Amino acid sequence: MQHIDILIIDDEEKFAAMLSKRIMLRGCRSLVCHNGQTALQWIREHHDSVTLILLDLQLPDIYGTEVLTGIKQVNPSVPVIILTGHGTEQDRKKCEALGAYLFIHKPLEIDRLMTILEQVKGTSK
Amino acid sequence: MRQTISSTLKTIWPEFHKRKKNVHLDSFYTFKDYWHLWSMSIFILAVTALIPLCIVTFIHYQLIQKSVDSELILRTERLTSNAKRSIIFFMEERLNALIFTVDELGYGQLTDNIKLAEILKNLKHGFGGLSDLSVIDTDGDQVAYAGPFNLEGKNYKDQPWFAQSLKNKYFISEVFTGYRDVPHIIIAVRSVKPDGSIFILRATLDTERLMQTLASYKTGSHTDIFLVNHKGVLQTPSIRYGDIFTQTDLKIHTYSMRTEVNISTSQGHRVILGHAFISTDMVTTPFIIVVNKDKDDLMQVWLEMRQKINWTVGISILLIVIVITFASTFMVNKLFQIDKTKAETMLQMEQNQQLASIGQLAAGVAHEINNPLAVINQTAGYVKDLFSFPEETRNDAELIENIDSILEAVDRCATITKQLLGFVRQFDIKIKKVSLKKIVFDVLSFHKKEAEYRGINVTVTIPDTIPDMETDSGKLQQILVNLINNAFQAVDEGCCLDIIGSQRDKETIEIVIQDTGCGIPEENLTKIHEPFFSTKQEKMGTGLGLSITYGLVKKLGGNISVHSTEGVGTSFTITLPVKIKEGTLA
């Protein structure tokens with residue numbers, strides 16, 4: 001399995017697809033999961049093969065916070081960015097407590113994401 | 001002095017009289033028509049209190065009337081009986097004297113004129129009331145005479161009384177004038193001469209003496225006491241009916257031994273009329289004694305008392321009505337105040353609920369829009385990428401520019417949704433650290449376009465040294481939204497709006513929002529915080545804005561004051577604690 005730079009967990013298919021394409025245009029690899037269970041399954045199988053995870057809070061099957069807890073159980077060191085359309089202050093606090101790396105409101109600027117990715121790569125090296 | 005009166009009037013004058021129609025508020029009142037409630041309560045209380053009073057007064061009048069009537073009848077009866085007895089005694093006494101004289105002296109001595117004169121003298125001396133004496137034989141010839149009139153030798157054969165005297169042993173005549181032309185009564189006693197023939201001893205009674213006896217029974221000016229004969233002709237003068245021999249309208253037909261009294265109306269007067277037939281054991285007389293009392297005169301004392309009672313009852317009724325009016329006004333006013341507070345609270349609750357549901361709706365819209373916005377953003381970004389990465393299209397400035405404007409528009413939309421979400425959060429009561437400057441700019445961003453369009457110069461002066469406040473940001477935001485909205489509505493084009501923040505002391509922050517708008521007239525200054533006071537036209541405003549603001553400032557533990565000069569501008573000054581005290585928020 002190839003190493004994935006950014007794992008996108010978002011049920012908004014079009015958004016995830018576009019973001020994924022743009023990441024690839026910038027020479028990075030990305031993977032899209034449209035629900036929480038698939039994402040958790042993938043991470044359990046390839047927990048070392050991902051640099052950064054983008055996680056939406058509202059998923060069709062389970063809460064984003066549950067996914068976050070699951071990821072942290074498998075790989076506590078992988079940075080998870082919470083990307084939400086309408087997260088509240090309470091959500092932010094909860095996610096930060098669960099070990100989220102950043103809490104960002106949509107829409108997301110691609111350049112900012114790439115900068116963060118560079119930073120993460122830099123620190124992990 | 002005038003102020004005291006006007007302020008007293010203000011407290012007495014019930015608030016519900018000044019109630020204005022307000023379609024928003026009226027549906028929350030428990031009682032719709034306070035005028036009706038007020039008048040009904042006065043009416044019911046007054047009726048309940050006054051009806052027993054009136055009934056008791058009426059019964060009292062009836063009782064007194066009855067007892068006065070029976071008392072008057074009793075008194076009249078007594079007076080009539082007493083007078084009757086006196087008259088009977090008067091007649092009997094004189095009749096007995098004559099009987100004694102006749103029996104004692106006999107015809108022989110009585111026909112002696114000198115002796116007769118002596119007897120008259122003795123009788124006058126002993127009894128009085130007799131004016132002359134005469135002896136008349138069967139033919140009507142006067143045999144002897146003693147007295148002041150020159151009546152010797154007169155013949156009485158044709159006189160009506162003479163026939164009567166012959167028929168009866170004793171006789172008392174009506175009053176008549178006869179030969180002498182003076183009213184008099186004749187008392188005659190029939191006797192027998194030694195030869196067996198009949199003769200009559202006749203005495204003339206002076207009516208003067210009779211009238212004196214009657215007059216002694218007069219108890220007051222309203223008592224008329226007189227004698228009539230059986231045909232109703234006056235035998236003594238009467239106050240009411242006039243002089244002697246006048247025919248009266250009295251109709252006394254049936255003979256009765258008893259004294260009778262009745263109340264009747266005569267000549268427009270209510271009179272108490274007592275009468276009794278005068279007859280002795282020896283002889284019946286033609287007289288009826290009549291006592292006539294004017295009831296209205298007799299009732300004078302009672303009428304005066306009744307007037308006093310009327311006054312007392314009248315004043316009592318007035319007092320009761322006044323007390324009832326005041327009490328009802330006070331109670332209904334209290335009820336109105338409570339009802340008003342309730343209605344206002346309910347309306348405010350409803351308004352809050354509406355605001356909250358609008359907030360929920362806005363939040364829902366913001367949520368739903370954010371995701372498509374993200375898609376647009378990413379798709380536009382991808383299109384931009386597609387043109388930016390290949391060498392040949394990288395420098396197509398026009399294309400890039402168009403895509404950037406899409407991205408910019410998305411950014412603006414994102415800001416709006418963010419603000420909407422921020423606005424919604426004010427309904428969650430939450431104390432947190434907030435920057436006054438940030439909140440002011442957040443609120444102003446809603447008015448940015450309007451200010452530009454209308455040329456309103458908005459300046460914000462908030463020094464960075466002002467510490468972050470620990471308060472409910474949502475409520476603070478709403479306060480500012482309301483005041484800034486008002487200011488925007490008050491100013492004309494080209495006016496100024498200044499928002500000045502400063503730290504008054506360690507614990508208090510002061511925010512001044514001043515405009516150079518139309519100002520508030522002095523008479524409205526005290527009312528602007530009252531709920532539903534609005535100068536905006538119907539349906540333009542609910543009049544709740546400033547009252548909600550006032551309530552919110554109080555909730556945050558602060559104060560709000562307003563200074564305004566008409567035509568110059570208005571400034572609202574809010575002071576808020578830097579750190580809100582725990583438990584202040586309800």
# chains A, B, ... in the order shown; residues from 1 in each chain; ligands from 1

$ residues_around --residues "region 63-79 of chain A" --least-positions-apart "2" --cutoff "7 Å" --atoms "only C-alpha atoms" --output "ChimeraX atom specification"
/A:36,40,43-44,47,51-53,55-59,81,95,98,100-101

$ write_last_selection --atoms "all heavy atoms" --output "short mmCIF file (atom, residue, chain, number, x, y, z; two decimals), in the first residue's frame"
data_model
loop_
_atom_site.label_atom_id
_atom_site.label_comp_id
_atom_site.auth_asym_id
_atom_site.auth_seq_id
_atom_site.Cartn_x
_atom_site.Cartn_y
_atom_site.Cartn_z
N GLY A 36 -17.79 7.03 8.20
CA GLY A 36 -16.90 6.83 9.34
C GLY A 36 -16.38 5.41 9.44
O GLY A 36 -15.18 5.19 9.70
N LEU A 40 -12.50 4.20 9.46
CA LEU A 40 -11.89 3.53 10.61
C LEU A 40 -11.27 2.19 10.18
O LEU A 40 -10.16 1.84 10.60
CB LEU A 40 -12.93 3.30 11.70
CG LEU A 40 -13.21 4.50 12.62
CD1 LEU A 40 -14.33 4.18 13.60
CD2 LEU A 40 -11.94 4.89 13.40
N ILE A 43 -8.04 2.80 8.39
CA ILE A 43 -6.96 3.21 9.31
C ILE A 43 -6.43 2.01 10.12
O ILE A 43 -5.24 1.87 10.34
CB ILE A 43 -7.43 4.35 10.22
CG1 ILE A 43 -7.52 5.64 9.40
CG2 ILE A 43 -6.49 4.59 11.39
CD1 ILE A 43 -8.31 6.74 10.03
N ARG A 44 -7.35 1.16 10.54
CA ARG A 44 -6.92 -0.01 11.30
C ARG A 44 -5.96 -0.86 10.46
O ARG A 44 -4.99 -1.42 10.97
CB ARG A 44 -8.13 -0.85 11.71
CG ARG A 44 -8.82 -0.26 12.93
CD ARG A 44 -9.87 -1.19 13.53
NE ARG A 44 -10.81 -0.38 14.31
CZ ARG A 44 -12.06 -0.15 13.96
NH1 ARG A 44 -12.56 -0.71 12.86
NH2 ARG A 44 -12.82 0.63 14.71
N HIS A 47 -2.51 1.91 9.43
CA HIS A 47 -2.36 3.06 10.34
C HIS A 47 -1.06 3.83 10.18
O HIS A 47 -0.96 4.98 10.57
CB HIS A 47 -2.56 2.64 11.81
CG HIS A 47 -1.67 1.52 12.22
ND1 HIS A 47 -0.40 1.71 12.65
CD2 HIS A 47 -1.91 0.17 12.26
CE1 HIS A 47 0.13 0.51 12.94
NE2 HIS A 47 -0.77 -0.42 12.71
N THR A 51 -0.25 10.61 6.46
CA THR A 51 0.45 11.72 7.11
C THR A 51 -0.53 12.63 7.85
O THR A 51 -0.27 13.06 8.97
CB THR A 51 1.19 12.57 6.05
OG1 THR A 51 1.89 11.69 5.19
CG2 THR A 51 2.14 13.57 6.69
N LEU A 52 -1.67 12.91 7.19
CA LEU A 52 -2.61 13.89 7.75
C LEU A 52 -4.04 13.43 7.44
O LEU A 52 -4.30 12.91 6.37
CB LEU A 52 -2.35 15.26 7.11
CG LEU A 52 -3.16 16.45 7.59
CD1 LEU A 52 -2.80 16.82 9.02
CD2 LEU A 52 -2.93 17.65 6.68
N ILE A 53 -4.93 13.63 8.40
CA ILE A 53 -6.33 13.22 8.16
C ILE A 53 -7.24 14.46 8.25
O ILE A 53 -7.12 15.26 9.19
CB ILE A 53 -6.78 12.16 9.18
CG1 ILE A 53 -5.92 10.90 9.05
CG2 ILE A 53 -8.26 11.81 9.01
CD1 ILE A 53 -6.15 9.84 10.08
N LEU A 55 -11.09 15.42 8.73
CA LEU A 55 -12.28 14.70 9.20
C LEU A 55 -13.48 15.66 9.34
O LEU A 55 -13.39 16.70 9.99
CB LEU A 55 -11.95 14.07 10.57
CG LEU A 55 -13.11 13.41 11.32
CD1 LEU A 55 -13.70 12.24 10.53
CD2 LEU A 55 -12.64 12.92 12.70
N ASP A 56 -14.56 15.29 8.68
CA ASP A 56 -15.81 16.07 8.82
C ASP A 56 -16.54 15.58 10.08
O ASP A 56 -16.45 14.40 10.42
CB ASP A 56 -16.70 15.84 7.58
CG ASP A 56 -17.91 16.77 7.58
OD1 ASP A 56 -17.99 17.65 8.47
OD2 ASP A 56 -18.78 16.61 6.70
N LEU A 57 -17.22 16.48 10.74
CA LEU A 57 -17.89 16.05 11.98
C LEU A 57 -19.21 15.36 11.72
O LEU A 57 -19.64 14.50 12.47
CB LEU A 57 -18.12 17.26 12.91
CG LEU A 57 -16.93 17.66 13.78
CD1 LEU A 57 -17.33 18.81 14.70
CD2 LEU A 57 -16.42 16.50 14.62
N GLN A 58 -19.88 15.77 10.65
CA GLN A 58 -21.19 15.18 10.36
C GLN A 58 -21.05 14.11 9.29
O GLN A 58 -20.93 14.41 8.11
CB GLN A 58 -22.14 16.27 9.89
CG GLN A 58 -22.41 17.30 10.97
CD GLN A 58 -23.88 17.47 11.24
OE1 GLN A 58 -24.61 17.80 10.33
NE2 GLN A 58 -24.29 17.22 12.48
N LEU A 59 -21.07 12.88 9.74
CA LEU A 59 -20.94 11.76 8.80
C LEU A 59 -22.26 10.99 8.80
O LEU A 59 -23.01 11.03 9.77
CB LEU A 59 -19.78 10.86 9.24
CG LEU A 59 -18.41 11.51 9.12
CD1 LEU A 59 -17.34 10.67 9.78
CD2 LEU A 59 -18.03 11.77 7.66
N ILE A 81 -7.18 16.92 11.29
CA ILE A 81 -7.77 18.26 11.18
C ILE A 81 -9.29 18.09 11.08
O ILE A 81 -9.78 17.35 10.22
CB ILE A 81 -7.25 19.00 9.93
CG1 ILE A 81 -5.75 19.24 10.06
CG2 ILE A 81 -7.99 20.32 9.73
CD1 ILE A 81 -5.10 19.83 8.83
N CYS A 95 -13.38 18.41 20.50
CA CYS A 95 -12.41 17.84 19.57
C CYS A 95 -10.98 18.08 20.04
O CYS A 95 -10.12 17.20 19.96
CB CYS A 95 -12.60 18.42 18.18
SG CYS A 95 -14.16 17.91 17.47
N LEU A 98 -10.11 15.71 22.58
CA LEU A 98 -9.90 14.36 22.05
C LEU A 98 -8.59 14.25 21.26
O LEU A 98 -8.24 13.18 20.78
CB LEU A 98 -11.08 13.95 21.16
CG LEU A 98 -12.40 13.64 21.88
CD1 LEU A 98 -13.53 13.45 20.88
CD2 LEU A 98 -12.27 12.39 22.75
N ALA A 100 -7.60 16.59 18.60
CA ALA A 100 -7.59 17.08 17.22
C ALA A 100 -6.44 18.07 17.03
O ALA A 100 -6.11 18.82 17.94
CB ALA A 100 -8.92 17.73 16.90
N TYR A 101 -5.86 18.06 15.85
CA TYR A 101 -4.71 18.93 15.56
C TYR A 101 -5.19 20.36 15.31
O TYR A 101 -4.64 21.31 15.86
CB TYR A 101 -3.98 18.36 14.32
CG TYR A 101 -2.72 19.11 13.94
CD1 TYR A 101 -1.58 19.08 14.76
CD2 TYR A 101 -2.67 19.85 12.76
CE1 TYR A 101 -0.43 19.75 14.39
CE2 TYR A 101 -1.51 20.52 12.39
CZ TYR A 101 -0.40 20.47 13.21
OH TYR A 101 0.73 21.14 12.85
#

$ select_by_dssp --residues "region 373-476 of chain B" --states "strand (DSSP E)" --output "list in words"
Ile431, Lys432, Lys433, Val434, Asn457, Val458, Thr459, Val460, Thr461, Met469, Glu470, Thr471 and Asp472 of chain B

$ write_last_selection --atoms "C-alpha atoms" --output "compact mmCIF listing (two decimals), in the first residue's frame"
# COMPACT_ATOMS: atom_id res chain seq x y z
CA ILE B 431 -20.52 33.77 29.84
CA LYS B 432 -17.22 33.98 28.04
CA LYS B 433 -14.41 36.39 27.37
CA VAL B 434 -15.26 38.74 24.55
CA ASN B 457 -20.02 58.46 8.70
CA VAL B 458 -19.52 55.75 11.28
CA THR B 459 -16.54 56.08 13.62
CA VAL B 460 -15.55 53.58 16.24
CA THR B 461 -13.24 54.69 19.04
CA MET B 469 -15.16 41.53 29.03
CA GLU B 470 -16.47 38.45 30.74
CA THR B 471 -20.12 38.59 29.84
CA ASP B 472 -22.79 37.05 27.64

$ closest_residue --among "B:Thr207, B:Gln247, B:Gln514, B:Ser388" --to "chain A" --atoms "only C-alpha atoms"
B:Ser388

$ closest_atom_pairs --of "chain B" --to "chain A" --cutoff "12 Å" --atoms "only C-alpha atoms" --output "CSV"
residue,atom,partner,partner_atom,distance
B:Ala363,CA,A:His86,CA,8.8
B:Gly364,CA,A:His86,CA,9.6
B:Val365,CA,A:His86,CA,10.7
B:Ala366,CA,A:His86,CA,7.8
B:His367,CA,A:His86,CA,5.6
B:Glu368,CA,A:Gly85,CA,8.4
B:Ile369,CA,A:Gly85,CA,8.7
B:Asn370,CA,A:Gly85,CA,5.4
B:Asn371,CA,A:Gly85,CA,5.9
B:Pro372,CA,A:Phe15,CA,8.3
B:Leu373,CA,A:Pro107,CA,6.8
B:Ala374,CA,A:Pro107,CA,4.6
B:Val375,CA,A:Phe15,CA,4.6
B:Ile376,CA,A:Phe15,CA,8.1
B:Asn377,CA,A:Pro107,CA,6.5
B:Gln378,CA,A:Met18,CA,5.7
B:Thr379,CA,A:Met18,CA,5.8
B:Ala380,CA,A:Met18,CA,9.1
B:Gly381,CA,A:Arg22,CA,7.7
B:Tyr382,CA,A:Arg22,CA,5.7
B:Val383,CA,A:Arg22,CA,9.2
B:Lys384,CA,A:Arg22,CA,9.6
B:Asp385,CA,A:Arg22,CA,6.9
B:Leu386,CA,A:Leu25,CA,8.2
B:Phe387,CA,A:Leu25,CA,11.1
B:Ser388,CA,A:Leu25,CA,10.2
B:Phe389,CA,A:Leu25,CA,7.9
B:Pro390,CA,A:Leu25,CA,10.4
B:Leu407,CA,A:Glu109,CA,9.8
B:Glu408,CA,A:Pro107,CA,11.4
B:Ala409,CA,A:Pro107,CA,11.8
B:Val410,CA,A:Pro107,CA,8.3
B:Asp411,CA,A:Pro107,CA,7.8
B:Arg412,CA,A:Pro107,CA,10.9
B:Cys413,CA,A:Pro107,CA,10.1
B:Ala414,CA,A:Pro107,CA,7.3
B:Thr415,CA,A:Pro107,CA,10.2
B:Thr417,CA,A:His86,CA,9.1
B:Lys418,CA,A:His86,CA,8.3
B:Gln419,CA,A:His86,CA,11.5
B:Leu420,CA,A:His86,CA,10.9
B:Leu421,CA,A:His86,CA,8.0
B:Gly422,CA,A:Thr88,CA,9.2
B:Val424,CA,A:Thr88,CA,10.8
B:Arg425,CA,A:Thr88,CA,8.8
B:Asp428,CA,A:Glu89,CA,11.4
B:Lys430,CA,A:Glu89,CA,11.0
B:Lys432,CA,A:Glu89,CA,11.0

$ write_last_selection --atoms "C-alpha atoms" --output "tab-separated table (two decimals), in the first residue's frame"
chain	number	residue	atom	x	y	z
B	363	ALA	CA	-28.81	28.54	11.77
B	364	GLY	CA	-30.46	25.84	9.68
B	365	VAL	CA	-30.03	27.90	6.53
B	366	ALA	CA	-26.42	28.66	7.41
B	367	HIS	CA	-25.71	24.97	8.02
B	368	GLU	CA	-27.22	23.90	4.77
B	369	ILE	CA	-25.52	26.61	2.77
B	370	ASN	CA	-22.07	25.98	4.18
B	371	ASN	CA	-21.68	22.59	2.55
B	372	PRO	CA	-22.67	23.63	-0.99
B	373	LEU	CA	-20.43	26.67	-0.50
B	374	ALA	CA	-17.54	24.36	0.24
B	375	VAL	CA	-18.33	22.44	-2.93
B	376	ILE	CA	-18.42	25.64	-5.00
B	377	ASN	CA	-15.22	26.76	-3.38
B	378	GLN	CA	-13.43	23.53	-4.10
B	379	THR	CA	-14.82	23.18	-7.61
B	380	ALA	CA	-13.89	26.74	-8.52
B	381	GLY	CA	-10.49	26.12	-6.93
B	382	TYR	CA	-10.09	22.99	-8.98
B	383	VAL	CA	-11.02	24.82	-12.18
B	384	LYS	CA	-8.49	27.47	-11.27
B	385	ASP	CA	-5.92	24.75	-10.65
B	386	LEU	CA	-6.71	23.19	-13.99
B	387	PHE	CA	-5.87	26.45	-15.69
B	388	SER	CA	-3.00	27.45	-13.44
B	389	PHE	CA	-0.92	24.31	-13.69
B	390	PRO	CA	-0.52	23.85	-17.45
B	407	LEU	CA	-13.91	32.45	-4.77
B	408	GLU	CA	-14.29	35.92	-3.32
B	409	ALA	CA	-18.08	35.68	-3.51
B	410	VAL	CA	-17.94	32.32	-1.77
B	411	ASP	CA	-15.80	33.91	0.94
B	412	ARG	CA	-18.38	36.62	1.44
B	413	CYS	CA	-21.14	34.07	1.69
B	414	ALA	CA	-19.06	32.16	4.19
B	415	THR	CA	-18.66	35.31	6.31
B	417	THR	CA	-23.19	32.33	7.36
B	418	LYS	CA	-20.58	32.62	10.06
B	419	GLN	CA	-22.19	35.80	11.37
B	420	LEU	CA	-25.62	34.25	11.25
B	421	LEU	CA	-24.37	31.33	13.28
B	422	GLY	CA	-22.70	33.70	15.69
B	424	VAL	CA	-27.87	32.44	16.79
B	425	ARG	CA	-25.59	31.52	19.62
B	428	ASP	CA	-27.49	29.94	24.60
B	430	LYS	CA	-23.12	31.63	28.18
B	432	LYS	CA	-17.22	33.98	28.04

$ atom_distance --atom1 "CA of Thr573 (chain B)" --atom2 "CA of Ile456 (chain B)"
20.5 Å

$ atom_distance --atom1 "CA of Arg92 (chain A)" --atom2 "CA of Asp11 (chain A)"
19.8 Å

$ decode --residues "region 333-407 of chain B" --atoms "C-alpha atoms" --output "mmCIF file, in the first residue's frame"
data_model
loop_
_atom_site.group_PDB
_atom_site.id
_atom_site.type_symbol
_atom_site.label_atom_id
_atom_site.label_comp_id
_atom_site.auth_asym_id
_atom_site.auth_seq_id
_atom_site.Cartn_x
_atom_site.Cartn_y
_atom_site.Cartn_z
ATOM 1 C CA ASN B 333 -56.314 49.339 38.675
ATOM 2 C CA LYS B 334 -54.206 46.853 40.643
ATOM 3 C CA LEU B 335 -55.723 44.050 38.595
ATOM 4 C CA PHE B 336 -54.956 45.974 35.424
ATOM 5 C CA GLN B 337 -51.356 46.545 36.466
ATOM 6 C CA ILE B 338 -50.897 42.850 37.202
ATOM 7 C CA ASP B 339 -52.616 41.909 33.970
ATOM 8 C CA LYS B 340 -50.497 44.414 32.062
ATOM 9 C CA THR B 341 -47.280 43.034 33.527
ATOM 10 C CA LYS B 342 -48.450 39.533 32.667
ATOM 11 C CA ALA B 343 -49.389 40.520 29.125
ATOM 12 C CA GLU B 344 -46.087 42.299 28.610
ATOM 13 C CA THR B 345 -44.135 39.343 29.943
ATOM 14 C CA MET B 346 -46.066 36.951 27.746
ATOM 15 C CA LEU B 347 -45.582 39.123 24.704
ATOM 16 C CA GLN B 348 -41.888 39.470 25.444
ATOM 17 C CA MET B 349 -41.693 35.708 25.837
ATOM 18 C CA GLU B 350 -43.434 35.276 22.538
ATOM 19 C CA GLN B 351 -41.137 37.787 20.883
ATOM 20 C CA ASN B 352 -38.129 36.020 22.361
ATOM 21 C CA GLN B 353 -39.486 32.735 21.160
ATOM 22 C CA GLN B 354 -39.994 34.204 17.706
ATOM 23 C CA LEU B 355 -36.477 35.582 17.742
ATOM 24 C CA ALA B 356 -35.210 32.205 18.866
ATOM 25 C CA SER B 357 -37.069 30.407 16.102
ATOM 26 C CA ILE B 358 -35.845 32.930 13.555
ATOM 27 C CA GLY B 359 -32.403 32.227 14.944
ATOM 28 C CA GLN B 360 -32.935 28.487 14.594
ATOM 29 C CA LEU B 361 -34.086 28.995 11.027
ATOM 30 C CA ALA B 362 -31.078 31.165 10.263
ATOM 31 C CA ALA B 363 -28.810 28.537 11.775
ATOM 32 C CA GLY B 364 -30.456 25.841 9.680
ATOM 33 C CA VAL B 365 -30.034 27.900 6.533
ATOM 34 C CA ALA B 366 -26.422 28.664 7.414
ATOM 35 C CA HIS B 367 -25.712 24.975 8.015
ATOM 36 C CA GLU B 368 -27.225 23.896 4.769
ATOM 37 C CA ILE B 369 -25.525 26.614 2.766
ATOM 38 C CA ASN B 370 -22.072 25.983 4.180
ATOM 39 C CA ASN B 371 -21.685 22.586 2.549
ATOM 40 C CA PRO B 372 -22.668 23.631 -0.990
ATOM 41 C CA LEU B 373 -20.429 26.674 -0.497
ATOM 42 C CA ALA B 374 -17.542 24.364 0.243
ATOM 43 C CA VAL B 375 -18.335 22.438 -2.931
ATOM 44 C CA ILE B 376 -18.423 25.642 -5.005
ATOM 45 C CA ASN B 377 -15.222 26.762 -3.384
ATOM 46 C CA GLN B 378 -13.425 23.529 -4.098
ATOM 47 C CA THR B 379 -14.823 23.179 -7.606
ATOM 48 C CA ALA B 380 -13.887 26.739 -8.516
ATOM 49 C CA GLY B 381 -10.493 26.124 -6.930
ATOM 50 C CA TYR B 382 -10.091 22.991 -8.984
ATOM 51 C CA VAL B 383 -11.025 24.824 -12.178
ATOM 52 C CA LYS B 384 -8.487 27.471 -11.267
ATOM 53 C CA ASP B 385 -5.923 24.747 -10.645
ATOM 54 C CA LEU B 386 -6.713 23.190 -13.990
ATOM 55 C CA PHE B 387 -5.871 26.451 -15.689
ATOM 56 C CA SER B 388 -2.997 27.454 -13.440
ATOM 57 C CA PHE B 389 -0.924 24.311 -13.693
ATOM 58 C CA PRO B 390 -0.522 23.849 -17.454
ATOM 59 C CA GLU B 391 2.061 26.298 -18.846
ATOM 60 C CA GLU B 392 -0.089 27.572 -21.754
ATOM 61 C CA THR B 393 -3.020 28.822 -19.659
ATOM 62 C CA ARG B 394 -1.143 29.948 -16.584
ATOM 63 C CA ASN B 395 -1.040 33.553 -17.671
ATOM 64 C CA ASP B 396 -4.649 33.859 -18.754
ATOM 65 C CA ALA B 397 -5.262 36.726 -16.390
ATOM 66 C CA GLU B 398 -8.925 37.232 -17.295
ATOM 67 C CA LEU B 399 -9.817 33.610 -16.560
ATOM 68 C CA ILE B 400 -7.974 33.581 -13.251
ATOM 69 C CA GLU B 401 -9.600 36.862 -12.347
ATOM 70 C CA ASN B 402 -13.091 35.475 -12.984
ATOM 71 C CA ILE B 403 -12.444 32.391 -10.917
ATOM 72 C CA ASP B 404 -11.024 34.556 -8.132
ATOM 73 C CA SER B 405 -14.193 36.599 -8.111
ATOM 74 C CA ILE B 406 -16.172 33.353 -7.677
ATOM 75 C CA LEU B 407 -13.914 32.449 -4.767
#
